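Listing of work-v9.txt, compact mmCIF, C-alpha atoms and all ligand atoms
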# COMPACT_ATOMS: atom_id res chain seq x y z
CA MET A 206 76.17 -160.48 -9.54
CA THR A 207 78.01 -158.71 -12.34
CA VAL A 208 76.47 -158.85 -15.82
CA ILE A 209 78.40 -157.72 -18.88
CA ALA A 210 76.97 -157.07 -22.34
CA LEU A 211 79.39 -157.99 -25.11
CA ILE A 212 78.40 -156.31 -28.37
CA VAL A 213 80.06 -157.74 -31.44
CA ALA A 214 80.66 -155.10 -34.10
CA ALA A 215 83.90 -156.15 -35.80
CA GLY A 216 82.41 -157.07 -39.21
CA ARG A 217 82.78 -154.97 -42.35
CA GLY A 218 79.10 -155.17 -43.28
CA GLU A 219 79.55 -154.07 -46.88
CA ARG A 220 76.30 -155.61 -48.13
CA ALA A 221 74.37 -152.74 -46.55
CA GLY A 222 76.17 -150.19 -48.76
CA GLY A 223 76.86 -146.64 -47.63
CA GLY A 224 80.66 -146.70 -47.78
CA ARG A 225 81.36 -147.47 -44.14
CA PRO A 226 80.74 -150.48 -41.88
CA LYS A 227 76.98 -150.74 -41.38
CA GLN A 228 77.26 -150.57 -37.58
CA TYR A 229 78.50 -146.97 -37.89
CA ARG A 230 75.82 -145.85 -40.36
CA ARG A 231 73.16 -143.65 -38.83
CA LEU A 232 69.71 -144.86 -38.02
CA ALA A 233 67.30 -142.17 -36.77
CA GLY A 234 70.24 -139.90 -36.02
CA ARG A 235 72.44 -142.38 -34.15
CA PRO A 236 74.88 -145.01 -35.42
CA VAL A 237 73.37 -148.51 -35.50
CA LEU A 238 75.93 -149.64 -32.92
CA GLN A 239 75.05 -146.70 -30.63
CA HIS A 240 71.43 -147.88 -30.53
CA ALA A 241 72.56 -151.33 -29.41
CA ILE A 242 75.01 -149.93 -26.84
CA ASP A 243 72.38 -147.55 -25.43
CA ALA A 244 69.86 -150.37 -25.04
CA PHE A 245 72.24 -152.20 -22.72
CA LEU A 246 73.71 -149.16 -20.92
CA GLY A 247 70.14 -148.06 -20.19
CA HIS A 248 69.12 -151.43 -18.74
CA PRO A 249 69.37 -151.60 -14.93
CA GLY A 250 70.44 -155.28 -15.05
CA ILE A 251 73.60 -154.60 -17.08
CA ASP A 252 76.74 -153.40 -15.29
CA ARG A 253 79.13 -152.82 -18.18
CA VAL A 254 79.18 -152.90 -21.96
CA VAL A 255 82.13 -154.11 -24.02
CA ALA A 256 82.07 -153.45 -27.76
CA VAL A 257 84.23 -155.68 -29.95
CA ILE A 258 85.29 -153.55 -32.92
CA GLY A 259 87.17 -154.17 -36.15
CA ALA A 260 90.95 -153.80 -36.38
CA GLY A 261 91.46 -150.26 -37.64
CA ASP A 262 88.04 -149.03 -36.47
CA ALA A 263 89.30 -147.47 -33.20
CA ASP A 264 89.22 -143.92 -34.60
CA LEU A 265 85.78 -144.45 -36.13
CA PHE A 266 84.48 -145.84 -32.83
CA ALA A 267 85.93 -142.90 -30.87
CA ALA A 268 84.44 -140.39 -33.33
CA GLU A 269 80.99 -141.94 -33.70
CA ILE A 270 80.19 -143.61 -30.37
CA ARG A 271 79.49 -141.56 -27.25
CA ALA A 272 82.03 -142.17 -24.48
CA ASP A 273 80.66 -143.65 -21.26
CA ASP A 274 82.34 -144.71 -18.01
CA ARG A 275 80.72 -148.13 -18.35
CA LEU A 276 81.68 -148.69 -22.01
CA THR A 277 84.97 -150.09 -23.34
CA ALA A 278 86.09 -151.21 -26.79
CA VAL A 279 88.18 -154.27 -27.61
CA THR A 280 89.65 -155.17 -31.02
CA GLY A 281 88.16 -158.30 -32.57
CA GLY A 282 89.52 -160.80 -35.08
CA GLU A 283 88.98 -162.29 -38.52
CA THR A 284 85.79 -164.16 -37.68
CA ARG A 285 82.89 -163.51 -35.39
CA GLN A 286 83.96 -166.40 -33.21
CA VAL A 287 87.47 -165.00 -32.72
CA SER A 288 85.98 -161.58 -31.98
CA VAL A 289 83.68 -162.98 -29.29
CA ARG A 290 86.54 -164.90 -27.70
CA ARG A 291 88.75 -161.80 -27.60
CA GLY A 292 85.92 -159.82 -26.07
CA LEU A 293 85.35 -162.46 -23.41
CA GLU A 294 89.07 -162.66 -22.63
CA ALA A 295 89.19 -158.89 -22.20
CA CYS A 296 86.48 -159.19 -19.51
CA GLU A 297 88.04 -162.14 -17.71
CA ALA A 298 90.10 -160.15 -15.20
CA ASP A 299 86.91 -158.46 -13.91
CA GLY A 300 85.37 -161.85 -13.14
CA PRO A 301 81.79 -161.17 -14.28
CA ASP A 302 79.12 -163.75 -13.42
CA ARG A 303 77.15 -163.56 -16.64
CA VAL A 304 77.51 -162.23 -20.15
CA LEU A 305 74.94 -161.30 -22.77
CA ILE A 306 76.45 -161.56 -26.26
CA HIS A 307 74.71 -159.35 -28.82
CA ASP A 308 75.11 -158.53 -32.52
CA GLY A 309 76.02 -154.87 -33.00
CA ALA A 310 73.82 -154.94 -36.14
CA ARG A 311 70.65 -155.50 -34.07
CA PRO A 312 69.87 -151.94 -32.96
CA LEU A 313 66.24 -152.48 -31.95
CA VAL A 314 66.75 -154.91 -29.08
CA SER A 315 64.09 -154.08 -26.50
CA ARG A 316 64.30 -153.79 -22.77
CA ALA A 317 61.69 -156.55 -22.45
CA LEU A 318 63.83 -158.93 -24.51
CA ILE A 319 66.90 -158.22 -22.38
CA ASP A 320 64.68 -158.86 -19.32
CA ARG A 321 63.63 -162.25 -20.67
CA VAL A 322 67.17 -163.37 -21.45
CA LEU A 323 68.41 -162.21 -18.04
CA ALA A 324 65.56 -163.98 -16.22
CA ALA A 325 66.16 -167.23 -18.12
CA THR A 326 69.87 -167.25 -17.16
CA ASP A 327 69.17 -166.77 -13.43
CA ASP A 328 69.55 -170.48 -12.75
CA GLY A 329 72.87 -170.92 -14.55
CA ARG A 330 71.57 -172.03 -17.94
CA GLY A 331 72.13 -170.38 -21.28
CA ALA A 332 69.28 -168.49 -22.96
CA VAL A 333 68.65 -167.55 -26.58
CA PRO A 334 65.80 -165.56 -28.15
CA GLY A 335 64.08 -167.57 -30.84
CA LEU A 336 61.25 -167.05 -33.32
CA ALA A 337 59.09 -169.73 -34.86
CA VAL A 338 59.52 -170.44 -38.55
CA THR A 339 56.24 -169.78 -40.34
CA ASP A 340 57.25 -169.99 -44.02
CA SER A 341 57.59 -173.35 -45.76
CA LEU A 342 61.17 -174.55 -46.01
CA ALA A 343 62.87 -176.47 -48.82
CA ARG A 344 66.33 -177.08 -50.23
CA ARG A 345 67.16 -176.35 -53.82
CA ASP A 346 69.51 -178.30 -56.03
CA GLY A 347 72.49 -176.98 -57.96
CA ASP A 348 70.26 -175.87 -60.86
CA GLY A 349 68.05 -173.78 -58.62
CA LEU A 350 65.22 -176.28 -58.73
CA LEU A 351 63.31 -177.19 -55.63
CA ASP A 352 64.57 -180.35 -54.00
CA GLU A 353 63.43 -181.91 -50.76
CA ARG A 354 61.06 -180.20 -48.34
CA VAL A 355 62.35 -179.45 -44.82
CA ALA A 356 59.88 -179.95 -42.00
CA ARG A 357 59.65 -176.71 -39.99
CA THR A 358 58.25 -178.38 -36.88
CA GLY A 359 60.39 -177.44 -33.91
CA LEU A 360 62.66 -175.14 -35.96
CA MET A 361 63.52 -171.70 -34.66
CA ARG A 362 65.27 -168.62 -35.99
CA LEU A 363 67.83 -167.60 -33.37
CA GLN A 364 68.55 -164.01 -32.41
CA THR A 365 70.74 -162.24 -29.90
CA PRO A 366 71.32 -161.28 -27.07
CA GLN A 367 72.35 -164.76 -26.01
CA GLY A 368 73.01 -165.08 -22.28
CA PHE A 369 75.47 -167.42 -20.56
CA PRO A 370 77.35 -168.01 -17.32
CA PHE A 371 80.59 -166.15 -18.07
CA GLY A 372 83.09 -168.87 -17.15
CA THR A 373 81.23 -171.55 -19.12
CA ILE A 374 81.02 -169.63 -22.40
CA LEU A 375 84.64 -168.46 -22.19
CA ALA A 376 85.80 -172.06 -21.60
CA ALA A 377 83.61 -173.25 -24.50
CA HIS A 378 85.25 -170.71 -26.84
CA ARG A 379 88.73 -171.72 -25.69
CA GLU A 380 88.00 -175.41 -26.16
CA ARG A 381 86.96 -174.93 -29.78
CA PRO A 382 88.88 -171.91 -31.05
CA ASP A 383 88.81 -173.03 -34.70
CA ALA A 384 85.36 -174.54 -34.96
CA ALA A 385 82.94 -172.91 -37.36
CA ALA A 386 80.37 -173.43 -34.68
CA GLY A 387 77.67 -171.04 -35.82
CA ASP A 388 76.55 -168.95 -32.89
CA ASP A 389 77.57 -168.93 -29.26
CA SER A 390 74.67 -171.10 -28.16
CA ALA A 391 76.00 -173.92 -30.38
CA LEU A 392 79.38 -173.70 -28.65
CA ALA A 393 77.71 -173.59 -25.24
CA ARG A 394 75.63 -176.67 -26.02
CA ALA A 395 78.69 -178.52 -27.33
CA ALA A 396 80.29 -177.79 -23.96
CA GLY A 397 77.31 -179.39 -22.21
CA LEU A 398 75.44 -176.27 -21.09
CA PRO A 399 71.64 -176.48 -21.31
CA VAL A 400 70.33 -173.58 -23.38
CA VAL A 401 66.69 -172.47 -23.23
CA ALA A 402 64.80 -170.51 -25.85
CA VAL A 403 62.92 -167.37 -24.83
CA ALA A 404 60.55 -165.44 -27.07
CA GLY A 405 62.45 -163.38 -29.63
CA GLU A 406 61.07 -160.30 -31.39
CA GLU A 407 60.49 -159.62 -35.11
CA ARG A 408 61.50 -156.06 -34.38
CA ASN A 409 64.94 -157.22 -33.24
CA LEU A 410 66.10 -157.58 -36.84
CA LYS A 411 69.72 -157.90 -37.89
CA ILE A 412 70.60 -155.17 -40.36
CA THR A 413 72.33 -156.85 -43.29
CA THR A 414 71.19 -155.19 -46.52
CA ALA A 415 70.26 -151.66 -47.56
CA PRO A 416 66.47 -152.37 -47.38
CA ASP A 417 66.97 -153.49 -43.76
CA PHE A 418 67.88 -149.89 -42.91
CA LYS A 419 64.58 -148.65 -44.30
CA LYS A 420 62.70 -151.34 -42.40
CA ALA A 421 64.47 -150.46 -39.15
CA GLU A 422 63.82 -146.73 -39.68
CA ALA A 423 60.14 -147.44 -40.21
CA MET A 424 59.95 -149.64 -37.13
CA LEU A 425 61.64 -146.97 -35.03
CA ALA A 426 59.32 -144.25 -36.32
CA GLN A 427 56.24 -146.30 -35.44
CA THR A 428 57.25 -146.65 -31.83
CA LEU A 429 58.47 -143.14 -31.12
CA GLU A 430 56.46 -140.10 -30.13
CA THR A 431 57.61 -136.51 -30.37
CA ARG A 432 58.17 -134.39 -27.27
CA THR A 433 59.26 -130.79 -27.06
CA GLY A 434 60.85 -128.96 -24.16
CA PHE A 435 61.58 -125.31 -23.51
CA GLY A 436 64.49 -123.84 -21.58
CA PHE A 437 65.21 -120.31 -20.39
CA ASP A 438 68.11 -118.88 -18.42
CA VAL A 439 69.66 -115.55 -17.47
CA HIS A 440 73.06 -114.66 -16.07
CA ARG A 441 74.21 -111.19 -15.06
CA PHE A 442 77.46 -109.55 -16.12
CA GLY A 443 80.32 -109.21 -13.62
CA PRO A 444 84.07 -108.77 -13.74
CA GLY A 445 85.94 -110.75 -16.39
CA ASP A 446 87.39 -110.70 -19.88
CA ARG A 447 85.28 -113.33 -21.66
CA VAL A 448 81.90 -115.03 -21.61
CA MET A 449 81.20 -118.73 -22.13
CA LEU A 450 78.36 -119.06 -24.64
CA GLY A 451 77.38 -122.42 -26.07
CA GLY A 452 80.62 -123.96 -24.87
CA VAL A 453 82.75 -121.36 -26.67
CA ALA A 454 84.83 -118.70 -24.88
CA ILE A 455 84.07 -115.30 -26.42
CA PRO A 456 86.34 -112.38 -25.51
CA HIS A 457 84.39 -109.53 -23.89
CA GLU A 458 85.15 -106.71 -21.47
CA ARG A 459 82.98 -108.37 -18.84
CA GLY A 460 82.28 -111.93 -17.70
CA LEU A 461 79.06 -113.64 -16.64
CA GLU A 462 78.42 -114.39 -12.97
CA GLY A 463 77.27 -117.79 -11.83
CA HIS A 464 78.10 -120.76 -9.69
CA SER A 465 79.31 -122.79 -12.69
CA ASP A 466 81.00 -121.28 -15.75
CA ALA A 467 77.70 -119.34 -16.25
CA ASP A 468 77.16 -120.60 -19.80
CA VAL A 469 73.62 -119.30 -20.12
CA ALA A 470 73.16 -120.92 -23.56
CA LEU A 471 74.13 -124.44 -22.44
CA HIS A 472 71.93 -124.03 -19.35
CA ALA A 473 68.90 -123.15 -21.48
CA LEU A 474 69.61 -126.09 -23.79
CA THR A 475 69.99 -128.48 -20.85
CA ASP A 476 66.66 -127.34 -19.41
CA ALA A 477 64.98 -127.68 -22.82
CA ILE A 478 66.10 -131.32 -23.13
CA LEU A 479 65.18 -132.11 -19.51
CA GLY A 480 61.83 -130.46 -20.22
CA ALA A 481 61.17 -132.71 -23.20
CA LEU A 482 61.91 -135.68 -20.93
CA ALA A 483 59.84 -134.22 -18.06
CA GLU A 484 62.82 -134.89 -15.82
CA GLY A 485 62.97 -131.70 -13.78
CA ASP A 486 65.49 -128.92 -14.37
CA ILE A 487 69.20 -128.27 -14.24
CA GLY A 488 69.11 -126.99 -10.66
CA GLN A 489 67.52 -130.21 -9.48
CA HIS A 490 70.24 -132.40 -11.00
CA PHE A 491 73.16 -130.05 -10.28
CA PRO A 492 72.21 -128.02 -7.17
CA PRO A 493 73.95 -124.60 -7.28
CA GLY A 494 74.73 -124.87 -3.56
CA GLU A 495 76.99 -127.89 -4.11
CA ALA A 496 80.71 -127.16 -4.24
CA THR A 497 81.18 -129.85 -6.92
CA TRP A 498 79.60 -127.60 -9.53
CA ARG A 499 81.59 -124.44 -8.67
CA ASP A 500 83.11 -123.14 -11.91
CA ALA A 501 81.99 -126.38 -13.59
CA ASP A 502 82.24 -126.71 -17.35
CA SER A 503 78.58 -126.55 -18.36
CA SER A 504 79.16 -129.04 -21.18
CA ARG A 505 78.84 -131.66 -18.41
CA PHE A 506 75.26 -130.57 -17.75
CA LEU A 507 74.32 -130.74 -21.42
CA ALA A 508 76.06 -134.10 -21.91
CA PHE A 509 74.10 -135.41 -18.92
CA ALA A 510 70.82 -134.35 -20.50
CA GLY A 511 71.85 -135.99 -23.78
CA ASP A 512 72.70 -139.19 -21.93
CA ARG A 513 69.27 -139.15 -20.30
CA VAL A 514 67.66 -139.08 -23.76
CA ALA A 515 69.71 -142.14 -24.76
CA ALA A 516 68.95 -143.91 -21.48
CA ARG A 517 65.24 -143.45 -22.16
CA GLY A 518 65.71 -145.02 -25.60
CA GLY A 519 65.09 -141.68 -27.27
CA VAL A 520 66.63 -139.66 -30.08
CA LEU A 521 67.47 -135.97 -30.03
CA ARG A 522 65.87 -134.62 -33.20
CA HIS A 523 66.56 -130.90 -33.07
CA LEU A 524 67.70 -128.01 -30.90
CA ASP A 525 66.88 -124.36 -31.50
CA LEU A 526 68.76 -121.85 -29.35
CA THR A 527 68.26 -118.08 -29.19
CA ILE A 528 70.83 -115.98 -27.37
CA VAL A 529 69.52 -112.58 -26.27
CA ALA A 530 72.36 -110.10 -25.83
CA GLN A 531 73.08 -106.52 -26.78
CA ARG A 532 76.80 -107.38 -26.76
CA PRO A 533 79.02 -109.28 -27.50
CA ARG A 534 78.10 -109.98 -31.11
CA ILE A 535 77.26 -113.66 -31.54
CA GLY A 536 77.32 -113.87 -35.35
CA PRO A 537 81.07 -114.37 -35.75
CA HIS A 538 80.94 -117.28 -33.27
CA ARG A 539 77.70 -118.90 -34.42
CA GLU A 540 79.26 -121.79 -36.37
CA ALA A 541 81.76 -122.56 -33.60
CA ILE A 542 78.89 -122.67 -31.08
CA ARG A 543 76.81 -124.97 -33.32
CA ALA A 544 79.76 -127.30 -33.79
CA ARG A 545 80.53 -127.37 -30.07
CA ILE A 546 76.93 -128.16 -29.08
CA ALA A 547 76.71 -130.89 -31.73
CA ASP A 548 79.98 -132.35 -30.45
CA ILE A 549 78.87 -132.37 -26.79
CA LEU A 550 75.67 -134.20 -27.71
CA GLY A 551 77.04 -136.43 -30.46
CA VAL A 552 74.49 -135.22 -33.04
CA SER A 553 75.12 -133.80 -36.49
CA VAL A 554 75.49 -130.05 -36.71
CA GLU A 555 72.42 -129.85 -39.01
CA ARG A 556 70.30 -130.66 -35.93
CA VAL A 557 71.55 -127.62 -34.01
CA SER A 558 70.24 -124.13 -34.72
CA VAL A 559 71.84 -121.10 -33.07
CA LYS A 560 70.21 -117.69 -33.39
CA ALA A 561 70.96 -114.39 -31.70
CA THR A 562 69.06 -111.20 -31.14
CA THR A 563 69.41 -107.91 -29.32
CA THR A 564 66.47 -106.29 -27.59
CA GLU A 565 66.96 -102.90 -29.26
CA GLY A 566 68.49 -101.49 -26.11
CA LEU A 567 65.40 -102.31 -24.04
CA GLY A 568 65.25 -104.21 -20.78
CA PHE A 569 68.07 -105.77 -18.78
CA THR A 570 69.75 -107.32 -21.82
CA GLY A 571 69.45 -104.06 -23.71
CA ARG A 572 71.04 -102.14 -20.82
CA GLY A 573 73.92 -104.63 -20.87
CA GLU A 574 73.18 -106.00 -17.40
CA GLY A 575 73.21 -109.63 -18.50
CA ILE A 576 72.56 -112.21 -21.18
CA ALA A 577 69.48 -114.40 -21.60
CA ALA A 578 69.01 -117.56 -23.62
CA GLN A 579 65.98 -119.53 -24.78
CA ALA A 580 66.01 -123.02 -26.25
CA VAL A 581 63.56 -125.52 -27.68
CA ALA A 582 64.44 -129.22 -27.83
CA THR A 583 62.61 -131.75 -29.96
CA VAL A 584 63.07 -135.31 -28.76
CA ALA A 585 61.65 -138.60 -30.02
CA LEU A 586 60.91 -141.01 -27.18
CA PRO A 587 59.48 -144.52 -27.13
CA ALA A 588 55.71 -144.05 -27.12
CA MET A 589 53.92 -144.73 -23.85
CA ALA A 590 51.30 -147.44 -23.89
CA GLU A 591 47.69 -146.34 -23.30
CA GLY A 592 46.99 -146.06 -19.59
CA GLU A 593 50.58 -145.38 -18.59
CA ASN A 594 49.74 -141.69 -18.33
CA ASP A 595 47.47 -142.19 -15.34
CA ALA A 596 50.06 -144.09 -13.34
CA ASP A 597 52.84 -141.68 -14.15
CA THR A 598 50.97 -138.53 -13.20
CA ALA A 599 49.10 -139.88 -10.18
CA THR A 600 51.44 -138.11 -7.77
CA ASP A 601 50.83 -134.76 -9.45
CA ALA A 602 47.12 -134.84 -8.67
CA ASP A 603 47.42 -134.03 -4.97
MG MG A 701 72.12 -120.83 -15.35

Representation of the structure as structure tokens:
Amino acid sequence: MTVIALIVAAGRGERAGGGRPKQYRRLAGRPVLQHAIDAFLGHPGIDRVVAVIGAGDADLFAAEIRADDRLTAVTGGETRQVSVRRGLEACEADGPDRVLIHDGARPLVSRALIDRVLAATDDGRGAVPGLAVTDSLARRDGDGLLDERVARTGLMRLQTPQGFPFGTILAAHRERPDAAAGDDSALARAAGLPVVAVAGEERNLKITTAPDFKKAEAMLAQTLETRTGFGFDVHRFGPGDRVMLGGVAIPHERGLEGHSDADVALHALTDAILGALAEGDIGQHFPPGEATWRDADSSRFLAFAGDRVAARGGVLRHLDLTIVAQRPRIGPHREAIRARIADILGVSVERVSVKATTTEGLGFTGRGEGIAAQAVATVALPAMAEGENDADTATDAD
């Protein structure tokens, strides 16, 4: 059973301000669209994610959105409906069983909501998240005066993700390519597919205007808790003519020894992030005895840790790295190292601090026997509910 998430992000979204399409504006450190993509990539029920992007946005997408083996981008069209159809057609060759169609401007979609939509589509029906209407409803006339009341009984506000059998929704889009049908559930119903409503979430708001950004930021802040992690690593000098430090090759009369490329700085950073997640250490995920990691580019380890933060629904807030070396001098390379680390993790360079110190000739670093690195990572993660702690740490008690 293959399930694809189709995330529609082809609109221009100028009402939200900010000079670029709203889906690429940052929300708690990540583009709005990245939040939505991460929610689906991190869900075990979703096999692949396809983002439908605006014509001309390919460079922006490549620059702002983290690459992933399970993520592809497709160019959309003039209207949302055309964009969805193009996205569906791009998936057709893979023959998925189901598709969840989601607005790229809804970054706060929860795992529980995706669960509900998936469960409701198990029996071949369509499913749509809906919220009851609680305010009174009325039409107004052309002069802005109140006209007739609209009974709210039975009315719902519809959200996404909307889930459908893949073949049915693709056929429905092809049957009515020009219809201004509203959302996908309207097309599905017109094609005869029963569509059920599942409970939507107020939190799953669609970012449309500038105040929506503030609201979404506040909602995110309420549900995140701060974790810190510490990392430490040492590598000894050996033969060579350069050292890898923070993903940057620095010419030196010696190299660093190690199973991988021996980038002591990236190793400390990786351990700091894994520490904040309480997900073990670098050696556990990339055992030094395994031939796969011989001479490996350590940026892979750091990117993995960054991906784990995203998969947990978290945000990397800050990294602080200290390189302890008598030589080579780090200062001239500091900005290149910051930029490289920020690039590997897809965060802005302002969130990456790189410091260096000698040990005044004392100890193994002072004697020039090796280089050490220390790192602190600050990560915001979805807050655990009360009582979760006991279950999660039960195995540590014995
Ligand atoms: Mg190491």

Closest-contact table, stretch 381-476 of chain A side, partner stretch 534-541 of chain A, 10 Å, counting all atoms listed in the file, as a tab-separated table:
residue	atom	partner	partner_atom	distance
A:Leu450	CA	A:Ile535	CA	8.8
A:Gly451	CA	A:Ala541	CA	8.7
A:Gly452	CA	A:Ala541	CA	8.9
A:Val453	CA	A:Ala541	CA	7.1
A:Ala454	CA	A:His538	CA	9.4
A:Ile455	CA	A:His538	CA	7.8
A:His457	CA	A:Arg534	CA	9.6

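Considering only C-alpha atoms, the residue among A:Cys296, A:Leu211, A:Ala577, A:Val529 positioned nearest to A:Glu565 is A:Val529.
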
| query | atom CA of A:Trp498 and atom CA of A:Ala578 are how many Å apart? | reply |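 Those two atoms sit 20.3 Å apart.
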
Exercise. Take the point (62.5, -170.8, -37.8) as written in the file and pick out every residue within 10 Å of it, counting all atoms listed in the file; give the list as a ChimeraX atom specification.
Key: /A:335-342,357-363

Checklist entry - Which is closest to A:Leu479 among A:Ala393, A:Ala260, A:Ala244, A:Leu507, if we use only C-alpha atoms? => result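 Comparing A:Ala393, A:Ala260, A:Ala244, A:Leu507 against A:Leu479, the winner is A:Leu507.
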
Using all atoms listed in the file, what table do you get, as CSV, when you list each residue of chain A with an atom no more than 9 Å from ligand MG 701 (chain A), its nearest pair of atoms, and their distance in Å rounded to one decimal, rows by chain then rising number?
residue,atom,partner,partner_atom,distance
A:Phe437,CA,A:MG701,MG,8.6
A:Asp438,CA,A:MG701,MG,5.4
A:Val439,CA,A:MG701,MG,6.2
A:His440,CA,A:MG701,MG,6.3
A:Gly463,CA,A:MG701,MG,6.9
A:His464,CA,A:MG701,MG,8.2
A:Ser465,CA,A:MG701,MG,7.9
A:Asp466,CA,A:MG701,MG,8.9
A:Ala467,CA,A:MG701,MG,5.8
A:Asp468,CA,A:MG701,MG,6.7
A:Val469,CA,A:MG701,MG,5.2
A:Ala470,CA,A:MG701,MG,8.3
A:Leu471,CA,A:MG701,MG,8.2
A:His472,CA,A:MG701,MG,5.1
A:Ala473,CA,A:MG701,MG,7.3
A:Ile487,CA,A:MG701,MG,8.1
A:Gly488,CA,A:MG701,MG,8.3

Near stretch 303-325 of chain A, 7 Å: stretch 388-451 of chain A residue rows, closest pairs, only C-alpha atoms, as a tab-separated table:
residue	atom	partner	partner_atom	distance
A:Val403	CA	A:Arg321	CA	6.6
A:Gly405	CA	A:Leu318	CA	6.9
A:Arg408	CA	A:Leu313	CA	6.4
A:Asn409	CA	A:Leu313	CA	5.1
A:Leu410	CA	A:Arg311	CA	5.7
A:Lys411	CA	A:Arg311	CA	4.6
A:Ile412	CA	A:Ala310	CA	5.3

Practice task
Just the residues within 12 Å of stretch 418-431 of chain A, please, counting only C-alpha atoms, with nothing from its chain fewer than 3 positions along; format it as a PyMOL selection string.
Solution key: chain A and resi 220-223+227-228+230-237+240+310-315+407-415+434+481-482+517-523+582-590

Which residue is closest to A:Ala391? Choose from A:Glu484, A:Tyr229, A:Arg447, A:Gln286 and count all atoms listed in the file.
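Among the listed residues, A:Gln286 lies closest to A:Ala391.
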
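Picture a line from atom CA of A:Arg291 to atom CA of A:Ala395; it runs 19.5 Å.
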